[in-house]
file structure_19.pdb (PDB, C-alpha atoms)
ATOM      1  CA  MET A  25       4.545  13.260 -17.976  1.00  0.00           C
ATOM      2  CA  PRO A  26       8.225  12.288 -17.913  1.00  0.00           C
ATOM      3  CA  SER A  27      10.454  13.540 -15.135  1.00  0.00           C
ATOM      4  CA  SER A  28      12.868  16.351 -15.880  1.00  0.00           C
ATOM      5  CA  LYS A  29      16.647  16.096 -15.809  1.00  0.00           C
ATOM      6  CA  GLU A  30      16.609  19.193 -13.582  1.00  0.00           C
ATOM      7  CA  TYR A  31      14.541  17.383 -10.939  1.00  0.00           C
ATOM      8  CA  LEU A  32      16.887  14.380 -11.144  1.00  0.00           C
ATOM      9  CA  ASP A  33      19.864  16.694 -10.612  1.00  0.00           C
ATOM     10  CA  PHE A  34      18.092  18.274  -7.611  1.00  0.00           C
ATOM     11  CA  VAL A  35      17.411  14.857  -6.034  1.00  0.00           C
ATOM     12  CA  LEU A  36      20.981  13.689  -6.664  1.00  0.00           C
ATOM     13  CA  GLU A  37      22.302  16.838  -4.974  1.00  0.00           C
ATOM     14  CA  GLU A  38      20.104  16.156  -1.937  1.00  0.00           C
ATOM     15  CA  LEU A  39      21.494  12.588  -1.833  1.00  0.00           C
ATOM     16  CA  SER A  40      25.084  13.836  -2.003  1.00  0.00           C
ATOM     17  CA  LEU A  41      25.916  12.768   1.584  1.00  0.00           C
ATOM     18  CA  LEU A  42      25.432   9.139   0.541  1.00  0.00           C
ATOM     19  CA  ASP A  43      28.126   7.092  -1.145  1.00  0.00           C
ATOM     20  CA  ASN A  44      27.371   4.824  -4.066  1.00  0.00           C
ATOM     21  CA  ILE A  45      24.194   6.465  -5.394  1.00  0.00           C
ATOM     22  CA  SER A  46      23.458   5.779  -9.036  1.00  0.00           C
ATOM     23  CA  TYR A  47      20.496   6.002 -11.364  1.00  0.00           C
ATOM     24  CA  LYS A  48      19.182   4.526 -14.553  1.00  0.00           C
ATOM     25  CA  ALA A  49      16.892   6.304 -16.990  1.00  0.00           C
ATOM     26  CA  MET A  50      13.871   4.220 -17.904  1.00  0.00           C
ATOM     27  CA  MET A  51      11.051   5.391 -20.184  1.00  0.00           C
ATOM     28  CA  GLY A  52      11.260   9.036 -19.126  1.00  0.00           C
ATOM     29  CA  GLU A  53      11.666   8.253 -15.434  1.00  0.00           C
ATOM     30  CA  TYR A  54      14.669   7.433 -13.220  1.00  0.00           C
ATOM     31  CA  ILE A  55      15.359   4.418 -11.014  1.00  0.00           C
ATOM     32  CA  ILE A  56      17.552   5.293  -7.995  1.00  0.00           C
ATOM     33  CA  TYR A  57      20.070   2.758  -6.673  1.00  0.00           C
ATOM     34  CA  TYR A  58      21.813   2.808  -3.315  1.00  0.00           C
ATOM     35  CA  ARG A  59      24.855   0.556  -2.971  1.00  0.00           C
ATOM     36  CA  GLY A  60      23.602  -1.509  -5.904  1.00  0.00           C
ATOM     37  CA  LYS A  61      20.014  -1.992  -4.688  1.00  0.00           C
ATOM     38  CA  ILE A  62      16.903  -0.277  -6.036  1.00  0.00           C
ATOM     39  CA  ILE A  63      15.702   2.054  -3.308  1.00  0.00           C
ATOM     40  CA  GLY A  64      13.172   4.103  -5.246  1.00  0.00           C
ATOM     41  CA  GLY A  65      12.850   6.412  -8.170  1.00  0.00           C
ATOM     42  CA  ILE A  66      11.687   9.635  -9.700  1.00  0.00           C
ATOM     43  CA  TYR A  67       8.288   9.389 -11.345  1.00  0.00           C
ATOM     44  CA  ASP A  68       6.452  12.421 -12.757  1.00  0.00           C
ATOM     45  CA  ASN A  69       8.875  14.647 -10.818  1.00  0.00           C
ATOM     46  CA  ARG A  70       7.998  12.913  -7.536  1.00  0.00           C
ATOM     47  CA  PHE A  71      10.648  11.210  -5.403  1.00  0.00           C
ATOM     48  CA  LEU A  72       9.266   7.833  -4.283  1.00  0.00           C
ATOM     49  CA  VAL A  73      10.923   5.094  -2.220  1.00  0.00           C
ATOM     50  CA  LYS A  74      10.014   1.459  -1.772  1.00  0.00           C
ATOM     51  CA  ASN A  75       7.262   0.747   0.717  1.00  0.00           C
ATOM     52  CA  VAL A  76       9.248  -1.251   3.289  1.00  0.00           C
ATOM     53  CA  LYS A  77       8.791  -1.389   7.063  1.00  0.00           C
ATOM     54  CA  SER A  78      11.805   0.766   7.939  1.00  0.00           C
ATOM     55  CA  ALA A  79      10.714   3.492   5.507  1.00  0.00           C
ATOM     56  CA  ARG A  80       7.184   3.513   6.947  1.00  0.00           C
ATOM     57  CA  GLU A  81       8.686   3.856  10.436  1.00  0.00           C
ATOM     58  CA  LYS A  82      10.881   6.799   9.369  1.00  0.00           C
ATOM     59  CA  VAL A  83       8.049   8.590   7.526  1.00  0.00           C
ATOM     60  CA  PRO A  84       4.810   7.333   9.101  1.00  0.00           C
ATOM     61  CA  ASP A  85       2.738  10.128   7.554  1.00  0.00           C
ATOM     62  CA  ALA A  86       4.051   9.581   4.005  1.00  0.00           C
ATOM     63  CA  GLU A  87       1.442   9.212   1.295  1.00  0.00           C
ATOM     64  CA  LEU A  88       1.331   6.011  -0.739  1.00  0.00           C
ATOM     65  CA  GLU A  89       1.426   6.735  -4.447  1.00  0.00           C
ATOM     66  CA  LEU A  90       1.606   4.733  -7.638  1.00  0.00           C
ATOM     67  CA  PRO A  91       4.722   5.458  -9.674  1.00  0.00           C
ATOM     68  CA  TYR A  92       2.872   4.285 -12.803  1.00  0.00           C
ATOM     69  CA  GLU A  93      -0.213   2.270 -13.618  1.00  0.00           C
ATOM     70  CA  GLY A  94       0.069  -1.356 -12.556  1.00  0.00           C
ATOM     71  CA  ALA A  95       2.993  -0.791 -10.166  1.00  0.00           C
ATOM     72  CA  LYS A  96       3.168  -1.375  -6.423  1.00  0.00           C
ATOM     73  CA  GLU A  97       2.524   1.638  -4.231  1.00  0.00           C
ATOM     74  CA  MET A  98       5.556   3.563  -3.059  1.00  0.00           C
ATOM     75  CA  LEU A  99       6.109   6.187  -0.362  1.00  0.00           C
ATOM     76  CA  LEU A 100       6.262   9.824  -1.399  1.00  0.00           C
ATOM     77  CA  VAL A 101       9.258  11.592   0.143  1.00  0.00           C
ATOM     78  CA  ASN A 102       8.309  15.172   0.975  1.00  0.00           C
ATOM     79  CA  ASN A 103      11.258  15.902   3.268  1.00  0.00           C
ATOM     80  CA  ILE A 104      13.672  15.830   0.350  1.00  0.00           C
ATOM     81  CA  GLU A 105      15.594  18.979   1.308  1.00  0.00           C
ATOM     82  CA  ASN A 106      16.956  17.365   4.487  1.00  0.00           C
ATOM     83  CA  LYS A 107      20.154  15.556   3.484  1.00  0.00           C
ATOM     84  CA  GLU A 108      20.708  14.043   6.947  1.00  0.00           C
ATOM     85  CA  PHE A 109      17.166  12.624   6.972  1.00  0.00           C
ATOM     86  CA  LEU A 110      17.670  11.063   3.532  1.00  0.00           C
ATOM     87  CA  HIS A 111      20.942   9.496   4.714  1.00  0.00           C
ATOM     88  CA  GLU A 112      19.175   7.970   7.737  1.00  0.00           C
ATOM     89  CA  LEU A 113      16.235   6.805   5.614  1.00  0.00           C
ATOM     90  CA  PHE A 114      18.394   5.082   2.997  1.00  0.00           C
ATOM     91  CA  ASP A 115      20.632   3.431   5.611  1.00  0.00           C
ATOM     92  CA  ALA A 116      17.572   2.150   7.500  1.00  0.00           C
ATOM     93  CA  MET A 117      16.007   0.763   4.318  1.00  0.00           C
ATOM     94  CA  PHE A 118      19.101  -0.891   2.862  1.00  0.00           C
ATOM     95  CA  ALA A 119      18.959  -4.186   4.789  1.00  0.00           C
ATOM     96  CA  GLU A 120      15.320  -4.762   3.778  1.00  0.00           C
ATOM     97  CA  LEU A 121      15.880  -4.282   0.070  1.00  0.00           C
ATOM     98  CA  PRO A 122      16.369  -7.311  -2.167  1.00  0.00           C
ATOM     99  CA  GLU A 123      19.479  -7.749  -4.243  1.00  0.00           C
ATOM    100  CA  VAL A 124      19.045  -6.725  -7.874  1.00  0.00           C
ATOM    101  CA  LYS A 125      18.485  -9.786 -10.050  1.00  0.00           C
ATOM    102  CA  LYS A 126      21.221 -10.338 -12.600  1.00  0.00           C
ATOM    103  CA  ARG A 127      20.134 -10.717 -16.205  1.00  0.00           C
ATOM    104  CA  LYS A 128      21.131 -13.911 -17.945  1.00  0.00           C
TER     105      LYS A 128
END

call {"tool": "encode", "arguments": {"input": "structure_19.pdb", "output": "structure tokens"}}
result
Amino acid sequence: MPSSKEYLDFVLEELSLLDNISYKAMMGEYIIYYRGKIIGGIYDNRFLVKNVKSAREKVPDAELELPYEGAKEMLLVNNIENKEFLHELFDAMFAELPEVKKRK
């Protein structure tokens, strides 16, 4: 089931304290970028972030979920209505995230 534009708009509003948030639509889902790096996405109207050490430390009880079949597990963000928490989470994760590979 593809994610709705309404859910994307809701997530973007909750991320409004962060500068340089962008997204890219991809096959009915949305990839979320923070300062040019992929931090997570919206899959089946679920907000998932990359499973990196700093994210696991910030949300130790987060469930691991598959965004789609064949993908790596990601952390489900349930505390999405806390803008300050999301700001802290994204800032903590940023240093661990790889740079986006440029297409040739």

call {"tool": "atom_distance", "arguments": {"input": "structure_19.pdb", "atom1": "atom CA of A:Ser27", "atom2": "atom CA of A:Pro84"}}
result
25.6 Å

call {"tool": "closest_residue", "arguments": {"input": "structure_19.pdb", "among": "A:Leu32, A:Ile45, A:Met51, A:Leu121", "to": "A:Tyr92", "atoms": "all atoms listed in the file"}}
result
A:Met51

call {"tool": "atom_distance", "arguments": {"input": "structure_19.pdb", "atom1": "atom CA of A:Arg70", "atom2": "atom CA of A:Lys126"}}
result
27.2 Å

call {"tool": "atom_distance", "arguments": {"input": "structure_19.pdb", "atom1": "atom CA of A:His111", "atom2": "atom CA of A:Glu87"}}
result
19.8 Å

call {"tool": "closest_residue", "arguments": {"input": "structure_19.pdb", "among": "A:Pro26, A:Ile104, A:Lys82, A:Ser40", "to": "A:Tyr58", "atoms": "only C-alpha atoms"}}
result
A:Ser40

call {"tool": "residues_near_point", "arguments": {"input": "structure_19.pdb", "point": "(21.3, 17.6, -0.8)", "cutoff": "7 Å", "atoms": "all atoms listed in the file", "output": "list in words"}}
result
Glu37, Glu38, Leu39, Ser40, Glu105, Asn106 and Lys107 of chain A

call {"tool": "resolve_selection", "arguments": {"input": "structure_19.pdb", "expression": "the PyMOL selection byres ((chain A and resi 120) around 9)", "output": "PyMOL selection string"}}
result
chain A and resi 76-78+116-119+121-122

call {"tool": "resolve_selection", "arguments": {"input": "structure_19.pdb", "expression": "the PyMOL selection byres ((chain A and resi 50) around 12)", "output": "ChimeraX atom specification"}}
result
/A:26-27,47-49,51-56,65-67

call {"tool": "resolve_selection", "arguments": {"input": "structure_19.pdb", "expression": "the PyMOL selection byres ((chain A and resi 72) around 7)", "output": "VMD selection string"}}
result
chain A and resid 64 to 66 70 to 71 73 to 74 98 to 101

call {"tool": "closest_residue", "arguments": {"input": "structure_19.pdb", "among": "A:Leu41, A:Tyr57, A:Leu36, A:Ala86", "to": "A:Glu108", "atoms": "all atoms listed in the file"}}
result
A:Leu41

call {"tool": "decode", "arguments": {"input": "structure_19.pdb", "residues": "stretch 61-99 of chain A", "atoms": "N, CA and C atoms", "output": "CSV table (one decimal), in the first residue's frame"}}
result
chain,number,residue,atom,x,y,z
A,61,LYS,N,21.7,13.9,3.4
A,61,LYS,CA,21.9,12.5,3.6
A,61,LYS,C,20.6,11.8,3.8
A,62,ILE,N,20.5,10.6,3.4
A,62,ILE,CA,19.2,9.8,3.6
A,62,ILE,C,19.2,9.4,5.1
A,63,ILE,N,18.1,9.8,5.7
A,63,ILE,CA,18.0,9.5,7.2
A,63,ILE,C,16.9,8.5,7.4
A,64,GLY,N,16.0,8.3,6.5
A,64,GLY,CA,14.9,7.4,6.6
A,64,GLY,C,13.9,7.6,5.5
A,65,GLY,N,12.6,7.2,5.9
A,65,GLY,CA,11.6,7.3,4.9
A,65,GLY,C,10.2,7.0,5.4
A,66,ILE,N,9.3,7.2,4.5
A,66,ILE,CA,7.9,6.9,4.9
A,66,ILE,C,7.5,5.7,4.0
A,67,TYR,N,7.1,4.6,4.6
A,67,TYR,CA,6.8,3.3,3.9
A,67,TYR,C,5.5,2.8,4.5
A,68,ASP,N,4.5,2.7,3.6
A,68,ASP,CA,3.2,2.2,4.1
A,68,ASP,C,2.7,3.0,5.3
A,69,ASN,N,2.8,4.3,5.1
A,69,ASN,CA,2.4,5.3,6.2
A,69,ASN,C,3.0,5.0,7.5
A,70,ARG,N,4.3,4.5,7.5
A,70,ARG,CA,5.1,4.4,8.7
A,70,ARG,C,6.3,5.2,8.5
A,71,PHE,N,6.8,5.9,9.6
A,71,PHE,CA,8.0,6.7,9.5
A,71,PHE,C,9.1,5.9,10.1
A,72,LEU,N,10.1,5.5,9.2
A,72,LEU,CA,11.2,4.7,9.6
A,72,LEU,C,12.5,5.4,9.4
A,73,VAL,N,13.4,5.2,10.3
A,73,VAL,CA,14.8,5.8,10.2
A,73,VAL,C,15.8,4.7,10.1
A,74,LYS,N,17.0,5.0,9.6
A,74,LYS,CA,18.0,4.1,9.5
A,74,LYS,C,18.4,3.5,10.8
A,75,ASN,N,18.8,2.2,10.8
A,75,ASN,CA,19.1,1.5,12.0
A,75,ASN,C,20.6,1.7,12.3
A,76,VAL,N,21.0,2.9,12.9
A,76,VAL,CA,22.3,3.2,13.3
A,76,VAL,C,22.4,3.3,14.8
A,77,LYS,N,23.6,3.2,15.3
A,77,LYS,CA,23.9,3.1,16.8
A,77,LYS,C,23.2,4.3,17.5
A,78,SER,N,23.4,5.5,17.0
A,78,SER,CA,22.8,6.6,17.7
A,78,SER,C,21.3,6.6,17.8
A,79,ALA,N,20.7,6.1,16.7
A,79,ALA,CA,19.2,6.0,16.7
A,79,ALA,C,18.8,5.0,17.7
A,80,ARG,N,19.5,3.8,17.8
A,80,ARG,CA,19.1,2.8,18.7
A,80,ARG,C,19.3,3.3,20.2
A,81,GLU,N,20.3,4.1,20.4
A,81,GLU,CA,20.5,4.7,21.7
A,81,GLU,C,19.3,5.7,22.1
A,82,LYS,N,18.9,6.4,21.1
A,82,LYS,CA,17.8,7.4,21.4
A,82,LYS,C,16.4,6.8,21.5
A,83,VAL,N,16.2,5.7,20.8
A,83,VAL,CA,14.9,5.0,20.9
A,83,VAL,C,15.2,3.5,21.1
A,84,PRO,N,15.7,3.1,22.3
A,84,PRO,CA,16.1,1.7,22.5
A,84,PRO,C,14.9,0.7,22.4
A,85,ASP,N,13.7,1.1,22.6
A,85,ASP,CA,12.5,0.2,22.5
A,85,ASP,C,11.9,0.2,21.1
A,86,ALA,N,12.5,0.9,20.2
A,86,ALA,CA,11.9,1.0,18.8
A,86,ALA,C,11.9,-0.4,18.2
A,87,GLU,N,10.8,-0.7,17.5
A,87,GLU,CA,10.7,-1.9,16.7
A,87,GLU,C,11.4,-1.8,15.4
A,88,LEU,N,12.1,-3.0,15.1
A,88,LEU,CA,12.7,-3.1,13.8
A,88,LEU,C,11.7,-3.5,12.7
A,89,GLU,N,11.6,-2.8,11.6
A,89,GLU,CA,10.6,-3.2,10.6
A,89,GLU,C,11.3,-3.1,9.2
A,90,LEU,N,10.7,-3.9,8.3
A,90,LEU,CA,11.2,-3.9,6.9
A,90,LEU,C,10.4,-2.8,6.2
A,91,PRO,N,11.1,-1.9,5.5
A,91,PRO,CA,10.3,-0.9,4.7
A,91,PRO,C,9.7,-1.5,3.5
A,92,TYR,N,10.3,-2.5,3.0
A,92,TYR,CA,9.8,-3.3,1.8
A,92,TYR,C,10.6,-4.6,1.8
A,93,GLU,N,10.1,-5.6,1.0
A,93,GLU,CA,10.7,-6.9,1.0
A,93,GLU,C,12.1,-6.8,0.4
A,94,GLY,N,13.0,-7.4,1.0
A,94,GLY,CA,14.4,-7.4,0.6
A,94,GLY,C,15.3,-6.2,1.1
A,95,ALA,N,14.7,-5.3,1.9
A,95,ALA,CA,15.4,-4.2,2.4
A,95,ALA,C,16.0,-4.5,3.8
A,96,LYS,N,16.9,-3.6,4.2
A,96,LYS,CA,17.5,-3.7,5.6
A,96,LYS,C,16.4,-3.2,6.5
A,97,GLU,N,16.4,-3.8,7.7
A,97,GLU,CA,15.5,-3.4,8.8
A,97,GLU,C,15.8,-1.9,9.2
A,98,MET,N,14.7,-1.2,9.5
A,98,MET,CA,14.8,0.1,9.9
A,98,MET,C,14.0,0.3,11.2
A,99,LEU,N,14.3,1.4,11.9
A,99,LEU,CA,13.6,1.6,13.2
A,99,LEU,C,12.3,2.4,13.0
